[in-house]
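Participant: Contents of run-v1.txt (compact mmCIF, C-alpha atoms) are given next:
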# COMPACT_ATOMS: atom_id res chain seq x y z
CA MET A 1339 34.31 27.40 -41.65
CA ASP A 1340 32.35 28.88 -44.57
CA SER A 1341 30.42 31.95 -43.37
CA ARG A 1342 27.19 30.47 -44.80
CA GLN A 1343 27.44 27.33 -42.69
CA MET A 1344 26.15 26.72 -39.18
CA ALA A 1345 27.94 24.15 -37.04
CA ILE A 1346 26.27 21.64 -34.74
CA CYS A 1347 28.66 21.93 -31.81
CA GLY A 1348 26.89 19.93 -29.11
CA ILE A 1349 24.04 17.43 -28.85
CA GLY A 1350 21.79 16.40 -25.97
CA ALA A 1351 18.96 13.90 -26.09
CA VAL A 1352 16.19 12.38 -24.00
CA THR A 1353 14.24 9.70 -25.88
CA GLY A 1354 12.41 6.45 -25.36
CA TYR A 1355 15.86 4.84 -25.16
CA GLY A 1356 16.74 6.81 -22.03
CA TRP A 1357 18.07 10.06 -20.64
CA GLY A 1358 21.20 10.94 -22.61
CA ARG A 1359 22.72 11.10 -26.06
CA GLU A 1360 24.58 7.81 -25.72
CA HIS A 1361 21.39 5.94 -24.85
CA LEU A 1362 19.92 7.15 -28.14
CA TRP A 1363 22.95 6.16 -30.18
CA ASP A 1364 23.36 2.77 -28.51
CA GLY A 1365 19.67 2.04 -28.95
CA LEU A 1366 19.70 2.88 -32.63
CA THR A 1367 22.90 0.93 -33.17
CA SER A 1368 21.35 -2.14 -31.54
CA GLY A 1369 18.59 -2.14 -34.16
CA LYS A 1370 16.03 -2.71 -31.41
CA PRO A 1371 13.06 -0.32 -31.15
CA ALA A 1372 12.64 1.97 -28.15
CA ALA A 1373 8.92 1.24 -27.92
CA GLY A 1374 7.53 -1.09 -25.31
CA LEU A 1375 4.10 -2.32 -24.32
CA GLU A 1376 2.49 0.33 -22.11
CA ALA A 1377 -0.71 -0.10 -20.13
CA GLY A 1378 -3.71 1.80 -21.45
CA TYR A 1379 -2.53 2.22 -25.04
CA GLY A 1380 -4.39 -0.66 -26.61
CA ALA A 1381 -7.67 -0.69 -28.53
CA HIS A 1382 -9.45 -0.71 -25.16
CA PRO A 1383 -8.41 1.18 -22.01
CA ASP A 1384 -7.56 -2.02 -20.16
CA GLU A 1385 -5.22 -3.28 -22.91
CA PRO A 1386 -1.53 -2.45 -23.47
CA GLY A 1387 -0.14 -0.96 -26.67
CA TRP A 1388 3.22 -0.18 -28.23
CA VAL A 1389 4.63 3.32 -27.66
CA ALA A 1390 8.13 4.79 -27.14
CA LYS A 1391 7.57 6.89 -24.03
CA VAL A 1392 10.19 8.88 -22.13
CA THR A 1393 10.49 7.44 -18.64
CA ASP A 1394 10.48 9.50 -15.46
CA GLY A 1395 13.89 10.99 -14.77
CA GLY A 1396 15.86 14.18 -14.78
CA ASN A 1397 16.25 16.70 -11.99
CA PRO A 1398 13.11 17.19 -9.83
CA MET A 1399 14.25 20.79 -9.27
CA ASP A 1400 13.50 21.47 -12.95
CA GLY A 1401 9.78 21.02 -12.40
CA PRO A 1402 7.12 18.42 -11.72
CA SER A 1403 6.73 17.25 -15.31
CA ARG A 1404 8.73 15.08 -17.68
CA PHE A 1405 8.39 17.89 -20.23
CA ALA A 1406 10.28 20.54 -18.24
CA ARG A 1407 12.86 18.08 -16.91
CA ALA A 1408 13.56 16.56 -20.34
CA MET A 1409 13.90 19.98 -21.98
CA ARG A 1410 16.41 21.17 -19.41
CA ALA A 1411 18.31 17.86 -19.35
CA ALA A 1412 18.75 17.78 -23.13
CA ALA A 1413 19.83 21.43 -23.26
CA ARG A 1414 22.33 21.02 -20.43
CA GLU A 1415 23.82 17.94 -22.07
CA ALA A 1416 24.21 19.78 -25.38
CA ILE A 1417 25.93 22.74 -23.71
CA ALA A 1418 28.28 20.51 -21.72
CA ASP A 1419 29.03 18.49 -24.85
CA ALA A 1420 29.76 21.60 -26.90
CA GLY A 1421 32.08 22.90 -24.20
CA GLU A 1422 34.02 19.64 -24.16
CA ARG A 1423 34.39 19.98 -27.94
CA GLY A 1424 35.87 23.48 -27.68
CA TRP A 1425 32.85 25.78 -27.96
CA GLN A 1426 32.77 28.96 -25.90
CA PRO A 1427 29.56 31.00 -25.78
CA GLY A 1428 29.57 34.43 -27.36
CA LYS A 1429 28.02 37.58 -25.95
CA ARG A 1430 24.55 36.94 -27.40
CA VAL A 1431 23.30 33.39 -26.96
CA GLY A 1432 19.72 32.86 -28.08
CA LEU A 1433 17.30 30.08 -27.24
CA LEU A 1434 14.80 28.43 -29.57
CA HIS A 1435 12.35 25.83 -28.31
CA ALA A 1436 10.34 23.79 -30.80
CA VAL A 1437 7.00 22.86 -29.26
CA VAL A 1438 3.71 21.60 -30.68
CA LEU A 1439 1.95 20.32 -27.56
CA GLY A 1440 3.63 21.60 -24.42
CA GLU A 1441 2.95 20.61 -20.84
CA VAL A 1442 0.45 17.89 -21.75
CA ASP A 1443 0.81 15.96 -18.50
CA LEU A 1444 0.32 19.06 -16.35
CA TRP A 1445 -2.60 20.43 -18.38
CA ARG A 1446 -4.22 16.99 -18.19
CA GLU A 1447 -3.80 17.06 -14.41
CA PHE A 1448 -5.02 20.68 -14.27
CA TYR A 1449 -8.36 19.79 -15.87
CA LEU A 1450 -8.97 16.18 -14.83
CA ASP A 1451 -7.33 15.77 -11.45
CA ARG A 1452 -6.95 19.19 -9.86
CA GLY A 1453 -10.23 20.76 -10.91
CA ARG A 1454 -8.34 23.81 -12.21
CA ASP A 1455 -7.26 24.58 -8.66
CA LEU A 1456 -3.56 25.46 -8.70
CA ARG A 1457 -1.37 27.83 -6.77
CA PRO A 1458 -0.09 30.76 -8.92
CA ARG A 1459 3.41 29.29 -9.01
CA GLU A 1460 2.07 25.95 -10.22
CA TYR A 1461 -0.02 27.65 -12.88
CA LEU A 1462 3.03 29.54 -14.17
CA GLY A 1463 4.67 26.17 -14.72
CA LEU A 1464 2.09 25.49 -17.44
CA MET A 1465 3.19 28.50 -19.48
CA PRO A 1466 5.50 27.81 -22.47
CA SER A 1467 7.71 30.73 -21.43
CA THR A 1468 8.54 29.28 -18.00
CA PRO A 1469 11.07 26.53 -18.90
CA MET A 1470 12.72 28.94 -21.34
CA SER A 1471 12.93 31.71 -18.76
CA THR A 1472 14.41 29.51 -16.05
CA PHE A 1473 16.92 28.06 -18.53
CA MET A 1474 18.08 31.52 -19.65
CA GLN A 1475 18.45 32.51 -15.98
CA GLU A 1476 20.51 29.41 -15.21
CA TYR A 1477 23.11 30.17 -17.88
CA GLY A 1478 22.95 33.97 -17.89
CA PHE A 1479 22.05 34.04 -21.59
CA HIS A 1480 20.52 37.28 -22.89
CA GLY A 1481 19.88 36.72 -26.58
CA PRO A 1482 16.36 36.29 -27.98
CA ALA A 1483 14.27 33.40 -26.65
CA MET A 1484 11.37 32.12 -28.68
CA ASN A 1485 9.16 29.12 -29.35
CA VAL A 1486 8.82 27.76 -32.89
CA SER A 1487 6.11 25.40 -34.10
CA ALA A 1488 5.53 23.70 -37.44
CA MET A 1489 4.00 20.36 -36.42
CA CYS A 1490 6.31 17.43 -37.28
CA ALA A 1491 8.59 19.82 -39.19
CA SER A 1492 9.32 21.88 -36.05
CA GLY A 1493 12.87 20.54 -35.66
CA ASN A 1494 13.85 21.60 -39.17
CA ALA A 1495 12.01 24.89 -38.69
CA GLY A 1496 14.02 25.58 -35.55
CA LEU A 1497 17.33 24.86 -37.28
CA LEU A 1498 16.44 27.17 -40.16
CA THR A 1499 15.33 29.89 -37.74
CA ALA A 1500 18.61 29.57 -35.84
CA LYS A 1501 20.56 29.88 -39.08
CA ALA A 1502 18.53 32.97 -40.02
CA TRP A 1503 19.40 34.53 -36.65
CA LEU A 1504 23.08 33.81 -37.20
CA ASP A 1505 22.98 35.05 -40.80
CA ALA A 1506 21.33 38.30 -39.69
CA GLY A 1507 23.85 38.87 -36.90
CA ILE A 1508 21.15 38.83 -34.22
CA VAL A 1509 23.03 36.24 -32.14
CA ASP A 1510 26.48 34.74 -31.79
CA ASP A 1511 25.21 31.29 -30.84
CA VAL A 1512 21.89 29.47 -30.45
CA VAL A 1513 20.77 26.73 -28.11
CA PHE A 1514 17.96 24.94 -29.90
CA VAL A 1515 15.73 22.40 -28.15
CA ALA A 1516 12.81 20.44 -29.59
CA THR A 1517 10.54 18.79 -27.03
CA ASP A 1518 7.48 16.62 -27.44
CA ILE A 1519 6.31 14.67 -24.41
CA SER A 1520 2.69 14.33 -25.51
CA ALA A 1521 2.08 10.60 -25.97
CA THR A 1522 -0.80 10.33 -23.52
CA PRO A 1523 -3.31 7.53 -24.18
CA GLU A 1524 -5.86 10.11 -25.36
CA ASN A 1525 -3.52 11.71 -27.89
CA VAL A 1526 -2.22 8.40 -29.21
CA LEU A 1527 -5.76 7.08 -29.61
CA HIS A 1528 -6.69 9.93 -31.94
CA PHE A 1529 -3.71 9.29 -34.19
CA VAL A 1530 -4.76 5.63 -34.32
CA ARG A 1531 -8.27 6.74 -35.30
CA LEU A 1532 -6.78 8.92 -38.04
CA GLY A 1533 -5.30 5.73 -39.48
CA VAL A 1534 -1.64 6.73 -39.20
CA ALA A 1535 -0.49 5.42 -35.80
CA VAL A 1536 -0.25 1.79 -34.76
CA THR A 1537 -0.21 0.42 -31.20
CA ASP A 1538 -1.26 -3.21 -31.68
CA THR A 1539 1.79 -4.53 -33.52
CA GLU A 1540 5.51 -4.71 -32.76
CA PRO A 1541 7.36 -1.64 -34.13
CA LEU A 1542 9.40 -3.19 -36.93
CA GLU A 1543 6.39 -5.08 -38.19
CA ALA A 1544 4.04 -2.08 -38.11
CA CYS A 1545 6.36 0.71 -39.26
CA ARG A 1546 8.30 -0.21 -42.40
CA PRO A 1547 9.19 3.01 -44.25
CA PHE A 1548 9.79 2.39 -47.98
CA GLN A 1549 8.96 -1.32 -47.54
CA GLU A 1550 5.97 -3.46 -48.37
CA GLY A 1551 3.32 -3.90 -45.71
CA SER A 1552 3.91 -0.76 -43.67
CA ARG A 1553 0.85 0.32 -41.65
CA GLY A 1554 2.06 3.63 -40.21
CA PHE A 1555 4.14 4.69 -37.21
CA LEU A 1556 4.59 4.03 -33.52
CA MET A 1557 4.24 7.12 -31.35
CA GLY A 1558 7.35 8.33 -29.53
CA GLU A 1559 8.49 11.09 -27.19
CA ALA A 1560 11.74 13.05 -27.08
CA SER A 1561 13.61 16.19 -26.23
CA VAL A 1562 16.69 16.88 -28.33
CA ALA A 1563 19.01 19.88 -28.07
CA PHE A 1564 21.79 21.39 -30.15
CA VAL A 1565 24.33 24.13 -29.68
CA LEU A 1566 24.53 25.94 -33.01
CA SER A 1567 27.32 28.36 -33.83
CA ARG A 1568 29.90 29.58 -36.31
CA ASN A 1569 32.52 29.55 -33.54
CA ALA A 1570 33.23 25.83 -33.54
CA THR A 1571 36.47 23.93 -33.20
CA ARG A 1572 35.24 20.32 -33.40
CA PRO A 1573 31.64 20.23 -34.59
CA TYR A 1574 29.64 17.11 -35.37
CA ALA A 1575 28.30 18.41 -38.66
CA VAL A 1576 27.38 21.60 -40.46
CA ALA A 1577 24.06 22.87 -41.77
CA LEU A 1578 24.61 24.38 -45.19
CA GLY A 1579 21.09 25.66 -45.79
CA GLY A 1580 17.52 24.62 -46.29
CA ALA A 1581 13.99 25.67 -47.16
CA MET A 1582 10.37 25.46 -46.10
CA THR A 1583 7.15 25.55 -48.11
CA HIS A 1584 3.50 24.89 -47.38
CA ASP A 1585 1.11 22.80 -49.46
CA GLY A 1586 -1.94 24.94 -48.67
CA TYR A 1587 -3.96 21.86 -49.57
CA HIS A 1588 -5.34 19.80 -46.64
CA VAL A 1589 -5.10 19.53 -42.85
CA THR A 1590 -3.62 16.03 -42.95
CA SER A 1591 -2.97 14.91 -46.55
CA VAL A 1592 0.00 15.68 -48.78
CA ASP A 1593 -0.90 17.46 -52.02
CA PRO A 1594 -0.66 14.59 -54.55
CA ASP A 1595 0.92 16.75 -57.26
CA LEU A 1596 3.92 17.26 -54.91
CA GLY A 1597 4.54 20.73 -56.31
CA GLN A 1598 5.40 22.36 -53.00
CA VAL A 1599 7.31 19.33 -51.69
CA ARG A 1600 9.41 19.20 -54.85
CA GLY A 1601 9.96 22.95 -54.70
CA CYS A 1602 11.11 22.71 -51.09
CA PHE A 1603 13.81 20.16 -51.96
CA ARG A 1604 15.01 22.23 -54.91
CA ASP A 1605 14.98 25.49 -52.94
CA ALA A 1606 16.96 23.86 -50.13
CA LEU A 1607 19.72 22.77 -52.48
CA VAL A 1608 19.87 26.23 -54.04
CA ASN A 1609 19.95 27.86 -50.62
CA ALA A 1610 22.77 25.53 -49.55
CA GLY A 1611 24.64 26.15 -52.81
CA VAL A 1612 25.07 22.46 -53.63
CA PRO A 1613 23.99 20.21 -56.52
CA ALA A 1614 21.71 17.22 -56.06
CA ALA A 1615 24.59 15.01 -57.24
CA ALA A 1616 26.47 15.78 -54.00
CA VAL A 1617 23.72 14.27 -51.84
CA ARG A 1618 24.44 10.71 -50.70
CA TYR A 1619 21.84 10.27 -47.98
CA LEU A 1620 18.17 11.14 -47.70
CA ASN A 1621 17.33 11.12 -43.98
CA ALA A 1622 13.63 10.94 -44.66
CA HIS A 1623 10.54 11.91 -42.73
CA GLY A 1624 9.63 8.28 -43.44
CA PRO A 1625 6.70 7.69 -41.09
CA GLY A 1626 5.69 4.48 -42.82
CA THR A 1627 2.42 5.92 -44.11
CA LYS A 1628 1.58 5.32 -47.75
CA GLN A 1629 1.23 8.94 -48.83
CA CYS A 1630 4.38 10.28 -47.12
CA ASP A 1631 6.60 7.38 -48.15
CA THR A 1632 5.30 7.59 -51.73
CA ALA A 1633 5.98 11.34 -51.83
CA GLU A 1634 9.56 11.02 -50.60
CA ALA A 1635 10.31 8.01 -52.79
CA THR A 1636 9.08 9.98 -55.79
CA ILE A 1637 11.36 12.92 -54.92
CA LEU A 1638 14.27 10.56 -54.35
CA GLU A 1639 13.86 9.06 -57.82
CA GLU A 1640 13.19 12.34 -59.62
CA GLU A 1641 15.67 14.68 -57.96
CA PHE A 1642 18.57 12.47 -56.85
CA GLY A 1643 20.67 9.76 -58.44
CA PRO A 1644 20.73 6.02 -57.75
CA SER A 1645 23.74 6.51 -55.45
CA THR A 1646 21.60 8.40 -52.91
CA GLY A 1647 20.48 6.09 -50.14
CA VAL A 1648 17.31 6.66 -48.11
CA TYR A 1649 16.56 5.77 -44.49
CA SER A 1650 14.21 6.63 -41.64
CA VAL A 1651 14.82 5.93 -37.95
CA LYS A 1652 11.13 6.16 -36.98
CA PRO A 1653 10.77 2.34 -36.74
CA LEU A 1654 13.35 2.49 -33.94
CA VAL A 1655 12.83 5.72 -32.01
CA GLY A 1656 9.16 6.23 -32.90
CA HIS A 1657 7.49 9.26 -34.40
CA CYS A 1658 8.33 11.94 -31.87
CA GLN A 1659 5.94 14.49 -33.37
CA GLY A 1660 7.22 18.04 -32.74
CA ALA A 1661 10.68 16.69 -31.86
CA ALA A 1662 10.85 14.17 -34.74
CA SER A 1663 13.10 15.99 -37.18
CA ALA A 1664 15.41 17.13 -34.36
CA VAL A 1665 15.88 13.49 -33.29
CA GLU A 1666 16.64 12.60 -36.89
CA VAL A 1667 19.07 15.49 -37.40
CA SER A 1668 20.95 14.34 -34.31
CA VAL A 1669 21.28 10.87 -35.86
CA ALA A 1670 22.77 12.32 -39.05
CA ALA A 1671 25.17 14.54 -37.09
CA LEU A 1672 26.29 11.74 -34.79
CA GLY A 1673 26.68 9.52 -37.85
CA TYR A 1674 29.21 11.89 -39.41
CA ASP A 1675 31.15 11.92 -36.14
CA ARG A 1676 31.07 8.15 -35.63
CA GLY A 1677 31.41 6.96 -39.18
CA TYR A 1678 28.15 5.21 -39.91
CA VAL A 1679 24.39 5.58 -40.24
CA PRO A 1680 22.42 3.30 -37.86
CA ALA A 1681 19.56 2.54 -40.25
CA PRO A 1682 16.81 0.19 -39.06
CA PRO A 1683 16.92 -3.41 -40.25
CA ALA A 1684 14.74 -4.13 -43.26
CA VAL A 1685 11.97 -6.65 -42.61
CA ALA A 1686 10.26 -6.78 -46.01
CA PRO A 1687 10.98 -6.09 -49.70
CA GLY A 1688 11.59 -2.39 -50.13
CA HIS A 1689 12.89 0.45 -52.27
CA PRO A 1690 16.16 -0.47 -54.01
CA GLN A 1691 17.88 2.58 -52.47
CA LEU A 1692 16.78 1.82 -48.90
CA LEU A 1693 19.65 1.62 -46.43
CA THR A 1694 19.54 -1.06 -43.75
CA GLY A 1695 21.69 -1.76 -40.69
CA ARG A 1696 25.01 -0.04 -40.09
CA VAL A 1697 26.01 1.84 -43.24
CA PRO A 1698 29.49 3.41 -43.38
CA ILE A 1699 29.14 7.13 -43.98
CA GLY A 1700 31.45 9.06 -46.26
CA ASP A 1701 31.84 12.73 -47.09
CA GLY A 1702 28.60 13.00 -49.04
CA LEU A 1703 25.87 15.38 -48.00
CA THR A 1704 22.66 14.47 -46.14
CA VAL A 1705 19.28 15.94 -46.96
CA LYS A 1706 16.96 15.84 -43.96
CA SER A 1707 13.32 16.15 -45.01
CA SER A 1708 10.32 16.50 -42.76
CA LEU A 1709 6.70 16.73 -43.91
CA GLY A 1710 4.59 18.08 -41.07
CA MET A 1711 0.87 17.54 -40.66
CA GLY A 1712 -1.14 20.30 -42.28
CA GLY A 1713 1.20 20.87 -45.21
CA HIS A 1714 4.49 21.94 -43.57
CA ASN A 1715 7.34 20.91 -45.90
CA SER A 1716 10.93 21.34 -44.71
CA VAL A 1717 14.37 20.33 -45.91
CA VAL A 1718 17.76 20.94 -44.29
CA VAL A 1719 21.07 20.15 -46.01
CA LEU A 1720 23.73 18.75 -43.69
CA GLY A 1721 27.33 17.81 -44.27
CA PRO A 1722 30.46 16.68 -42.42
CA PRO A 1723 32.65 19.37 -40.88
CA ALA A 1724 35.48 20.56 -43.11
So that I can check it, write out the structure of this file as structure tokens.
Facilitator:
Amino acid sequence: MDSRQMAICGIGAVTGYGWGREHLWDGLTSGKPAAGLEAGYGAHPDEPGWVAKVTDGGNPMDGPSRFARAMRAAAREAIADAGERGWQPGKRVGLLHAVVLGEVDLWREFYLDRGRDLRPREYLGLMPSTPMSTFMQEYGFHGPAMNVSAMCASGNAGLLTAKAWLDAGIVDDVVFVATDISATPENVLHFVRLGVAVTDTEPLEACRPFQEGSRGFLMGEASVAFVLSRNATRPYAVALGGAMTHDGYHVTSVDPDLGQVRGCFRDALVNAGVPAAAVRYLNAHGPGTKQCDTAEATILEEEFGPSTGVYSVKPLVGHCQGAASAVEVSVAALGYDRGYVPAPPAVAPGHPQLLTGRVPIGDGLTVKSSLGMGGHNSVVVLGPPA
């Protein structure tokens, strides 16, 4: 493997489709959204609304919350998967955890139900270091362990941080997990009020990235994990490089001149050492909002050729916030392994380069873009293993 590349050796996933990587893949392949009608998520507290929540599950020994259990379950699955595919951990295995809003359920209980009265051990469970510490103890890993946060771009940020660690020789391998289990009724309501989230319409009707009539996104939850290494025998895919920029413009809106977004795409290709002509797939942020879809469609038309197809899986899995780009990277990586991209079905007239349904995947490269709230721009370049 090229010394500049980082291999995705194992994948684990907990999503609205269920606990496990295969539930995610089967759900996407079915073309049916993970979201369901959940009580309390409608326009009024007594009305249901559409959201792709992670159900209760996992090992109760991992903690009282879905957050801690999902994080550990996804990481364990990724490590077991990597081992089955020939990976053996090196001396220095690091851990990165992408988090925007952490133990939301427990903090909510802490303030609203428990009156801030917790035993010391329970309070420690609220700390972002606790699930990381217990995970490192379980596997006897002693590399660096750190949280990374860049809003919706956190998954890409974690991958680029892992690659930087490997490039610098700080670690031999990295376990990277991105977790966002924050779709409480209160949090979802505020995204609805911002005009970007939708709960009152079925997912494929509400969220139509790069199609006419899109209203925004359905909220989702997920924890997705990867084993990242240069010591891989049968990886899913490789990360060739990437880039991040920041608009420095507005707390929610994309800078309309797209200068920093455009620069991020160009810098990512330079960092990966590949031309735009080699890119066949744009795995887009694609939330279904007008400004984000317009920005990415503009970049697609300006920077890539007509043979580059674009897709977004948010209509199916939901917008998983801090875990969104990690979910979407896993789809690209699994696609290379299984021979096709499970793009959502189109429901309205759309961009001429929009992919729909099962699309056979070749040897072309994938650019995974993620535009996080507040101006976080990120792009990772992925490709099939050599």
Participant: Find the residues of stretch 1461-1569 of chain A that sit at most 12 Å from stretch 1376-1392 of chain A; for each, write down the nearest two atoms and how far apart they are in Å, to one decimal. Count all atoms listed in the file. Sort by chain, then by number going up, and give it as a Markdown table.
Facilitator:
| residue | atom | partner | partner_atom | distance |
| --- | --- | --- | --- | --- |
| A:Thr1517 | CA | A:Val1392 | CA | 11.1 |
| A:Asp1518 | CA | A:Val1392 | CA | 9.8 |
| A:Ile1519 | CA | A:Val1392 | CA | 7.3 |
| A:Ser1520 | CA | A:Lys1391 | CA | 9.0 |
| A:Ala1521 | CA | A:Lys1391 | CA | 6.9 |
| A:Thr1522 | CA | A:Tyr1379 | CA | 8.4 |
| A:Pro1523 | CA | A:Tyr1379 | CA | 5.4 |
| A:Glu1524 | CA | A:Tyr1379 | CA | 8.6 |
| A:Asn1525 | CA | A:Tyr1379 | CA | 10.0 |
| A:Val1526 | CA | A:Tyr1379 | CA | 7.5 |
| A:Leu1527 | CA | A:Tyr1379 | CA | 7.4 |
| A:His1528 | CA | A:Tyr1379 | CA | 11.2 |
| A:Phe1529 | CA | A:Tyr1379 | CA | 11.6 |
| A:Val1530 | CA | A:Ala1381 | CA | 9.1 |
| A:Arg1531 | CA | A:Ala1381 | CA | 10.1 |
| A:Ala1535 | CA | A:Val1389 | CA | 9.8 |
| A:Val1536 | CA | A:Trp1388 | CA | 7.7 |
| A:Thr1537 | CA | A:Trp1388 | CA | 4.6 |
| A:Asp1538 | CA | A:Gly1387 | CA | 5.6 |
| A:Thr1539 | CA | A:Trp1388 | CA | 7.0 |
| A:Glu1540 | CA | A:Trp1388 | CA | 6.8 |
| A:Pro1541 | CA | A:Trp1388 | CA | 7.4 |
| A:Leu1542 | CA | A:Trp1388 | CA | 11.1 |
| A:Glu1543 | CA | A:Trp1388 | CA | 11.5 |
| A:Ala1544 | CA | A:Trp1388 | CA | 10.1 |
| A:Cys1545 | CA | A:Trp1388 | CA | 11.5 |
| A:Phe1555 | CA | A:Val1389 | CA | 9.7 |
| A:Leu1556 | CA | A:Val1389 | CA | 5.9 |
| A:Met1557 | CA | A:Val1389 | CA | 5.3 |
| A:Gly1558 | CA | A:Ala1390 | CA | 4.3 |
| A:Glu1559 | CA | A:Lys1391 | CA | 5.3 |
| A:Ala1560 | CA | A:Val1392 | CA | 6.7 |
| A:Ser1561 | CA | A:Val1392 | CA | 9.1 |
Participant: Let me make sure I understand: among A:Lys1652, A:Arg1459, A:Arg1618, A:His1714, which one has the smallest atom-to-atom distance to A:Gly1586 if we use all atoms listed in the file?
Facilitator: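 Closest candidate: A:His1714.
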Participant: If we count all atoms listed in the file and set the cut-off at 12 Å, which residues sit around A:Arg1414, ignoring sequence neighbours fewer than 5 positions away in its own chain? Please answer as JSON, numbers by chain.
Facilitator: {"A": [1348, 1349, 1350, 1351, 1352, 1357, 1358, 1359, 1396, 1397, 1400, 1407, 1408, 1409, 1419, 1420, 1421, 1473, 1474, 1476, 1477, 1513, 1514, 1515, 1561, 1562, 1563, 1564, 1565]}
Participant: Would you compute the distance between atom CA of A:Gly1463 and atom CA of A:Ala1372? Give it in Å to one decimal.
Facilitator: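 Going from atom CA of A:Gly1463 over to atom CA of A:Ala1372 covers 28.8 Å.
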Participant: Give as a PyMOL selection string the set of residues within 6 Å of the point (-2.6, 20.1, -44.1), where distances use the file's coordinates and all atoms listed in the file.
Facilitator: chain A and resi 1587-1591+1711-1713
Participant: Would you put the residues from that selection into a file with C-alpha atoms, as a compact mmCIF listing (two decimals), in the coordinates of the input?
Facilitator:
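The result, written out as selection.txt:
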# COMPACT_ATOMS: atom_id res chain seq x y z
CA TYR A 1587 -3.96 21.86 -49.57
CA HIS A 1588 -5.34 19.80 -46.64
CA VAL A 1589 -5.10 19.53 -42.85
CA THR A 1590 -3.62 16.03 -42.95
CA SER A 1591 -2.97 14.91 -46.55
CA MET A 1711 0.87 17.54 -40.66
CA GLY A 1712 -1.14 20.30 -42.28
CA GLY A 1713 1.20 20.87 -45.21
Participant: Which residue is closest to A:Gly1688? Choose from A:Gly1551, A:Pro1644, A:Gly1624, A:Gly1721 and count all atoms listed in the file.
Facilitator: A:Gly1551
Participant: Sort by chain and increasing residue number a table of all residues of stretch 1542-1583 of chain A within 8 Å of stretch 1495-1506 of chain A, each with its closest pair of atoms and their distance in Å to one decimal, counting all atoms listed in the file, and write it as JSON lines.
Facilitator:
{"residue": "A:Leu1566", "atom": "CA", "partner": "A:Ala1500", "partner_atom": "CA", "distance": 7.5}
{"residue": "A:Ser1567", "atom": "CA", "partner": "A:Leu1504", "partner_atom": "CA", "distance": 7.7}
{"residue": "A:Gly1579", "atom": "CA", "partner": "A:Leu1498", "partner_atom": "CA", "distance": 7.5}
{"residue": "A:Gly1580", "atom": "CA", "partner": "A:Leu1498", "partner_atom": "CA", "distance": 6.7}
{"residue": "A:Ala1581", "atom": "CA", "partner": "A:Leu1498", "partner_atom": "CA", "distance": 7.6}
{"residue": "A:Met1582", "atom": "CA", "partner": "A:Ala1495", "partner_atom": "CA", "distance": 7.6}
Participant: Could you give me, as a list of chain:residue names, the residues within 8 Å of A:Ser1403, counting only C-alpha atoms and dropping anything in the same chain fewer than 3 positions from it?
Facilitator: A:Ala1406, A:Arg1407, A:Glu1441, A:Asp1443, A:Leu1444
Participant: Within 10 Å of (15.4, 19.3, -47.7) (coordinates as in the file), grab all the protein and nucleic acid residues, counting all atoms listed in the file, and write them out as a PyMOL selection string.
Facilitator: chain A and resi 1494+1579-1582+1599-1607+1610+1620-1622+1704-1709+1715-1720
Participant: Just to confirm, what's the straight-line distance from atom CA of A:Arg1410 to atom CA of A:Ser1663 in Å (one decimal)?
Facilitator: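 Taking atom CA of A:Arg1410 as the start and atom CA of A:Ser1663 as the end point, the length is 18.8 Å.
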Participant: In Å to one decimal, how far is atom CA of A:Gly1554 from atom CA of A:Tyr1619?
Facilitator: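 Atom CA of A:Tyr1619 sits 22.3 Å away from atom CA of A:Gly1554.
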Participant: Which one of A:Leu1434, A:Ala1412, A:Gly1533, A:Gly1673 sits closest to A:Met1470 if you count only C-alpha atoms?
Facilitator: A:Leu1434
Participant: Quick one: of A:Leu1596, A:Ala1724, A:Ala1671, A:Met1399, who's nearest to A:Ala1633, counting only C-alpha atoms?
Facilitator: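 Smallest separation from A:Ala1633 among the options: A:Leu1596.
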Participant: Considering only C-alpha atoms, can you say which of A:Gly1453, A:Pro1682, A:Pro1469, A:Gly1440 comes closest to A:Ala1483?
Facilitator: A:Pro1469
Participant: Between A:Tyr1574, A:Trp1425, A:Tyr1461, A:Tyr1449, single out the one closest to A:Asp1511, counting all atoms listed in the file.
Facilitator: A:Trp1425
